[in-house]
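Undergrad: Provided below: run33.txt, containing compact mmCIF, C-alpha atoms.
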# COMPACT_ATOMS: atom_id res chain seq x y z
CA MET A 1 25.52 11.32 -15.28
CA SER A 2 23.28 9.66 -17.87
CA LYS A 3 19.54 9.70 -17.28
CA ARG A 4 17.87 6.29 -17.11
CA ALA A 5 15.42 5.76 -19.94
CA PRO A 6 11.85 5.19 -18.73
CA HIS A 7 10.31 1.78 -19.27
CA ILE A 8 6.68 0.76 -19.11
CA THR A 9 7.37 -2.31 -16.96
CA ASP A 10 8.32 -0.02 -14.08
CA ALA A 11 4.57 0.38 -13.60
CA LEU A 12 4.19 -3.35 -12.92
CA GLY A 13 6.45 -3.61 -9.88
CA HIS A 14 3.97 -2.24 -7.38
CA PRO A 15 1.40 -4.31 -5.49
CA SER A 16 -1.37 -1.73 -5.76
CA THR A 17 -1.53 -1.54 -9.56
CA ASP A 18 -4.14 -4.25 -10.27
CA ARG A 19 -7.23 -2.02 -10.17
CA ARG A 20 -5.38 0.71 -12.00
CA LEU A 21 -4.59 -1.71 -14.81
CA ASP A 22 -8.27 -2.71 -14.86
CA ILE A 23 -9.16 0.95 -15.52
CA LEU A 24 -6.69 1.01 -18.42
CA ARG A 25 -8.27 -2.13 -19.86
CA ARG A 26 -11.71 -0.58 -19.67
CA ILE A 27 -10.51 2.62 -21.36
CA ALA A 28 -9.18 0.47 -24.18
CA ASP A 29 -12.58 -1.25 -24.47
CA VAL A 30 -14.92 1.76 -24.26
CA GLY A 31 -12.77 4.71 -25.31
CA SER A 32 -13.89 6.86 -22.40
CA ILE A 33 -12.36 7.61 -19.00
CA SER A 34 -15.72 8.41 -17.38
CA GLN A 35 -17.32 5.19 -18.67
CA ALA A 36 -14.27 3.17 -17.61
CA ALA A 37 -14.47 4.70 -14.13
CA ARG A 38 -18.18 3.81 -13.78
CA ALA A 39 -17.57 0.26 -14.99
CA ALA A 40 -14.66 -0.16 -12.56
CA GLY A 41 -16.76 1.21 -9.69
CA VAL A 42 -14.54 4.23 -8.97
CA SER A 43 -14.95 7.98 -9.29
CA TYR A 44 -13.73 9.95 -12.31
CA LYS A 45 -11.14 11.59 -10.05
CA ALA A 46 -9.87 8.19 -8.87
CA ALA A 47 -9.60 7.00 -12.47
CA TRP A 48 -7.44 10.00 -13.33
CA GLN A 49 -5.30 9.32 -10.26
CA ALA A 50 -4.77 5.77 -11.50
CA ILE A 51 -3.80 6.99 -14.99
CA ASP A 52 -1.42 9.64 -13.64
CA THR A 53 0.25 7.23 -11.21
CA LEU A 54 0.80 4.50 -13.80
CA SER A 55 2.05 7.04 -16.35
CA ASN A 56 4.51 8.43 -13.78
CA LEU A 57 5.75 4.92 -12.96
CA ALA A 58 6.08 4.02 -16.63
CA GLY A 59 7.80 7.31 -17.42
CA MET A 60 5.56 8.03 -20.41
CA PRO A 61 1.88 8.79 -21.19
CA LEU A 62 -0.36 5.73 -21.25
CA VAL A 63 -3.64 7.47 -22.13
CA GLU A 64 -4.38 10.20 -24.66
CA LYS A 65 -7.53 12.32 -24.52
CA LEU A 66 -9.41 12.97 -27.77
CA VAL A 67 -11.01 16.38 -28.17
CA GLY A 68 -14.10 17.13 -30.26
CA GLY A 69 -15.56 14.93 -32.97
CA ALA A 70 -19.07 13.58 -33.42
CA GLY A 71 -18.95 11.84 -30.07
CA GLY A 72 -17.69 14.86 -28.18
CA GLY A 73 -14.25 13.41 -27.55
CA GLY A 74 -13.00 10.44 -25.56
CA ALA A 75 -9.74 8.70 -24.75
CA HIS A 76 -7.58 5.89 -26.04
CA LEU A 77 -4.42 4.12 -24.94
CA THR A 78 -1.08 5.11 -26.38
CA ASP A 79 1.25 2.46 -27.79
CA ALA A 80 2.92 2.38 -24.37
CA GLY A 81 -0.43 1.81 -22.68
CA ARG A 82 -1.25 -1.11 -24.95
CA SER A 83 2.21 -2.59 -24.42
CA LEU A 84 1.81 -2.28 -20.66
CA LEU A 85 -1.46 -4.24 -20.70
CA ASN A 86 0.11 -6.92 -22.90
CA VAL A 87 3.06 -7.36 -20.54
CA ALA A 88 0.75 -7.33 -17.50
CA GLN A 89 -1.33 -10.15 -18.95
CA LYS A 90 1.75 -12.28 -19.64
CA MET A 91 3.09 -11.63 -16.12
CA GLN A 92 -0.23 -12.62 -14.56
CA GLU A 93 -0.33 -15.86 -16.55
CA ALA A 94 3.25 -16.70 -15.53
CA ARG A 95 2.49 -15.87 -11.88
CA LEU A 96 -0.54 -18.16 -11.80
CA GLN A 97 1.43 -20.99 -13.39
CA LEU A 98 4.17 -20.59 -10.78
CA LEU A 99 1.73 -20.52 -7.84
CA GLN A 100 0.03 -23.68 -9.12
CA THR A 101 3.33 -25.53 -8.65
CA GLN A 102 3.47 -24.65 -4.94
CA PRO A 103 1.96 -26.82 -2.17
CA GLY A 104 -1.67 -25.87 -1.80
CA GLY A 105 -1.89 -24.28 -5.24
CA ALA A 106 -2.48 -20.61 -5.93
CA ALA A 107 -3.33 -18.85 -2.69
CA SER A 108 -6.12 -16.32 -2.66
CA PRO A 109 -5.00 -12.69 -2.33
CA ASP A 110 -7.47 -12.40 0.56
CA GLY A 111 -5.91 -15.36 2.35
CA PRO A 112 -3.09 -15.50 4.90
CA SER A 113 -0.30 -16.36 2.46
CA ALA A 114 2.54 -13.83 2.54
CA LEU A 115 4.25 -15.05 -0.65
CA TRP A 116 3.13 -11.96 -2.52
CA ALA A 117 4.93 -9.71 -0.04
CA LEU A 118 8.35 -11.26 -0.65
CA GLY A 119 8.80 -9.22 -3.82
CA LEU A 120 7.94 -5.95 -2.14
CA ARG A 121 11.00 -3.69 -1.91
CA THR A 122 10.67 -0.50 0.09
CA SER A 123 12.66 1.73 2.43
CA MET A 124 9.96 1.28 5.07
CA ARG A 125 11.42 -1.11 7.66
CA ASN A 126 8.14 -1.78 9.42
CA GLN A 127 5.90 -4.16 7.46
CA LEU A 128 3.12 -5.73 9.52
CA PRO A 129 0.63 -8.25 8.04
CA CYS A 130 -2.89 -7.41 9.14
CA THR A 131 -6.55 -7.59 8.14
CA VAL A 132 -8.94 -4.78 7.33
CA ALA A 133 -11.47 -4.60 10.18
CA ALA A 134 -13.55 -1.57 9.13
CA ILE A 135 -13.61 1.39 6.76
CA ARG A 136 -15.25 4.71 7.55
CA LYS A 137 -15.28 8.29 6.32
CA GLN A 138 -13.42 10.77 8.49
CA ALA A 139 -12.91 14.51 7.96
CA GLY A 140 -12.81 14.41 4.18
CA ALA A 141 -10.67 11.27 4.07
CA VAL A 142 -11.06 7.57 4.91
CA ARG A 143 -10.10 5.87 8.15
CA VAL A 144 -9.12 2.21 7.76
CA ASP A 145 -9.15 0.12 10.92
CA LEU A 146 -6.69 -2.79 10.80
CA ARG A 147 -6.33 -5.83 13.03
CA LEU A 148 -3.08 -7.68 13.78
CA ALA A 149 -3.05 -11.42 14.43
CA ASP A 150 -3.47 -10.88 18.19
CA ALA A 151 -6.47 -8.53 17.60
CA THR A 152 -4.42 -5.38 18.27
CA LEU A 153 -5.91 -2.52 16.26
CA LEU A 154 -4.09 -0.06 13.99
CA CYS A 155 -5.53 2.84 12.00
CA SER A 156 -4.53 4.34 8.67
CA ARG A 157 -5.87 7.60 7.19
CA ILE A 158 -5.92 7.70 3.37
CA THR A 159 -7.80 9.53 0.62
CA HIS A 160 -11.14 8.40 -0.81
CA GLU A 161 -9.48 7.86 -4.19
CA SER A 162 -6.79 5.59 -2.71
CA ALA A 163 -9.43 3.54 -0.89
CA GLU A 164 -11.38 3.17 -4.14
CA LEU A 165 -8.37 2.10 -6.18
CA LEU A 166 -7.25 -0.40 -3.54
CA ASN A 167 -10.82 -1.78 -3.38
CA LEU A 168 -10.56 -2.03 0.39
CA ARG A 169 -13.12 -4.13 2.26
CA ALA A 170 -13.45 -5.83 5.63
CA GLY A 171 -11.54 -9.12 5.82
CA LEU A 172 -8.96 -8.18 3.19
CA SER A 173 -5.35 -9.09 4.01
CA VAL A 174 -2.95 -6.14 3.68
CA LEU A 175 0.48 -5.01 4.79
CA ALA A 176 0.75 -2.00 7.08
CA LEU A 177 3.91 -0.11 6.14
CA PHE A 178 5.56 2.72 8.05
CA LYS A 179 9.01 4.26 8.40
CA ALA A 180 11.09 3.63 11.50
CA THR A 181 11.76 7.37 11.71
CA GLY A 182 8.00 7.95 12.04
CA VAL A 183 7.75 5.82 15.19
CA THR A 184 8.47 7.15 18.68
CA VAL A 185 9.22 4.57 21.39
CA ALA A 186 8.93 5.57 25.06
CA THR A 187 8.09 4.11 28.45
CA SER A 188 4.60 5.62 28.21
CA ALA A 189 2.43 7.75 25.95
CA GLU A 190 -0.78 9.74 26.24
CA PRO A 191 -3.62 8.42 24.07
CA ARG A 192 -4.59 10.71 21.20
CA ALA A 193 -7.30 10.41 18.55
CA ASP A 194 -4.83 10.54 15.64
CA LEU A 195 -2.19 8.20 17.10
CA ASN A 196 -1.62 4.45 16.98
CA LEU A 197 -0.30 3.07 20.27
CA LEU A 198 1.45 -0.31 20.20
CA LEU A 199 2.55 -1.95 23.43
CA GLY A 200 5.51 -4.31 23.56
CA ARG A 201 8.86 -5.16 25.08
CA VAL A 202 12.23 -3.75 24.08
CA SER A 203 14.27 -6.35 22.20
CA ARG A 204 17.12 -4.03 21.12
CA ALA A 205 18.04 -0.52 22.14
CA THR A 206 20.82 1.89 21.24
CA ARG A 207 22.80 2.86 24.32
CA SER A 208 23.07 6.58 23.79
CA LYS A 209 22.16 9.64 25.85
CA LEU A 210 21.18 11.26 22.57
CA GLY A 211 18.48 8.69 21.93
CA GLY A 212 18.52 6.23 19.07
CA GLU A 213 16.98 3.19 17.45
CA VAL A 214 14.79 0.82 19.45
CA ALA A 215 13.32 -2.53 18.39
CA LEU A 216 10.05 -3.55 20.03
CA ALA A 217 8.61 -7.07 20.23
CA LEU A 218 4.82 -6.96 20.01
CA PRO A 219 2.49 -9.49 21.72
CA SER A 220 1.61 -10.86 18.26
CA GLY A 221 5.25 -11.91 17.79
CA LEU A 222 5.88 -9.17 15.24
CA GLN A 223 8.79 -6.76 15.55
CA LEU A 224 8.83 -3.05 14.84
CA VAL A 225 11.58 -0.45 14.84
CA GLY A 226 11.38 3.16 16.01
CA PHE A 227 13.40 5.81 17.78
CA CYS A 228 13.51 7.02 21.37
CA ALA A 229 14.08 10.57 22.56
CA PRO A 230 17.34 11.77 24.13
CA GLY A 231 17.65 10.68 27.74
CA ALA A 232 15.18 7.80 27.40
CA THR A 233 15.85 4.94 29.84
CA LEU A 234 14.81 1.99 27.71
CA LYS A 235 16.41 -1.36 28.52
CA VAL A 236 16.10 -4.73 26.82
CA GLY A 237 13.15 -6.61 28.29
CA SER A 238 11.40 -3.52 29.63
CA SER A 239 7.86 -2.56 28.63
CA ALA A 240 7.47 0.29 26.14
CA VAL A 241 4.95 1.86 23.83
CA ALA A 242 5.41 2.84 20.18
CA THR A 243 3.38 5.73 18.76
CA LEU A 244 2.66 6.44 15.10
CA ASP A 245 0.17 8.87 13.62
CA HIS A 246 -2.61 7.49 11.42
CA ALA A 247 -1.57 9.45 8.31
CA SER A 248 1.93 7.90 8.36
CA LEU A 249 0.67 4.33 7.96
CA VAL A 250 0.65 3.17 4.32
CA LEU A 251 -1.26 0.16 3.00
CA ALA A 252 0.02 -2.36 0.47
CA LEU A 253 -2.07 -5.02 -1.28
CA PRO A 254 -1.18 -8.26 -3.09
CA GLN A 255 -0.52 -8.04 -6.80
Will you turn the file into structure tokens for me?
TA:
Amino acid sequence: MSKRAPHITDALGHPSTDRRLDILRRIADVGSISQAARAAGVSYKAAWQAIDTLSNLAGMPLVEKLVGGAGGGGAHLTDAGRSLLNVAQKMQEARLQLLQTQPGGAASPDGPSALWALGLRTSMRNQLPCTVAAIRKQAGAVRVDLRLADATLLCSRITHESAELLNLRAGLSVLALFKATGVTVATSAEPRADLNLLLGRVSRATRSKLGGEVALALPSGLQLVGFCAPGATLKVGSSAVATLDHASLVLALPQ
């Protein structure tokens, strides 16, 4: 089997890359990762996370560190890094031109428009639009409180570096993503500090004594998919609760 050749544009197909690209731009301007991190308002560790992630997505190094010299070293973009920024700029210009042709013009990334999410391809079947309600530090990580349209709250637990790179803030529109296999649906559930509990009504259920897939209609009108345990007696129209731990909920932002 032939191995697919890496391509720098692979790093542009992800909605969370905007701030990471900003860090690359600043490295190109100042020739220093630490200075670029300060200018972008993120930690040095977060800047390196951004560089590593984009380089992994592109399949090649985007930044090269310089050792020694009169200035004590620094960093510069590789040819691939410069090409990535050039393509990113052209894509952004084309995107803005396209949005200007739509009714209402170019929607703000913080607004309710879900057009940006249509290009998001992922194996995670549950994708719920929500708004950031609060951000707080929690046990060496960051807890992000999210609010659905009906004011139902969700929580996500992410690293400090991820929160920095996503530039999270109250009022920001995001997508809450989580795998169906990470959701347990049952007739009831005990509250727990690290669990999200979502109440709803069963809209589809696998008829199997071994358990199976269950679709749940939430009060907000959204649907989610999870799995019930063997022997569960879930019927269409019955009340149920879906549970999901905070660490399993992933956030996606507009590009």
Undergrad: What lies within 8 Å of Gln49 in chain A using only C-alpha atoms, ignoring chain neighbours under 4 positions off, as number ranges by chain?
TA: A: 45, 53, 161
Undergrad: Smallest atom-to-atom distance to Asp52 in chain A: which of A:Arg147, A:Arg20, A:Arg82, A:Asp29, using all atoms listed in the file?
TA: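 Among the listed residues, A:Arg20 lies closest to Asp52 in chain A.
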Undergrad: Counting only C-alpha atoms, which residue out of A:Asn126, A:Ala58, A:Leu222, A:Val63 sits closest to Ile33 in chain A?
TA: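 With only C-alpha atoms as the atom set, the closest residue is A:Val63.
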Undergrad: Please, what distance in Å, to one decimal, runs between CA of Lys179 in chain A and CA of Met60 in chain A?
TA: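 Here the two named atoms are 29.3 Å from each other.
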Undergrad: Excluding Leu62 in chain A and its own-chain neighbours fewer than 2 positions away, which residues fall within 6 Å of it when counting all atoms listed in the file? Please give them as a compact mmCIF listing (two decimals) with C-alpha atoms, in the coordinates of the input.
TA:
# COMPACT_ATOMS: atom_id res chain seq x y z
CA SER A 55 2.05 7.04 -16.35
CA LEU A 77 -4.42 4.12 -24.94
CA THR A 78 -1.08 5.11 -26.38
CA ALA A 80 2.92 2.38 -24.37
CA GLY A 81 -0.43 1.81 -22.68
Undergrad: A:Ala149, A:Asn167, A:Ser83, A:Thr243: which is nearest Pro191 in chain A, counting all atoms listed in the file?
TA: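 When distances to Pro191 in chain A are compared using all atoms listed in the file, the smallest one comes from A:Thr243.
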Undergrad: Name the closest residue to Gly140 in chain A among the candidates A:Leu66, A:Leu153, A:Leu224, A:Ile158; distances are taken between atoms, counting all atoms listed in the file.
TA: A:Ile158
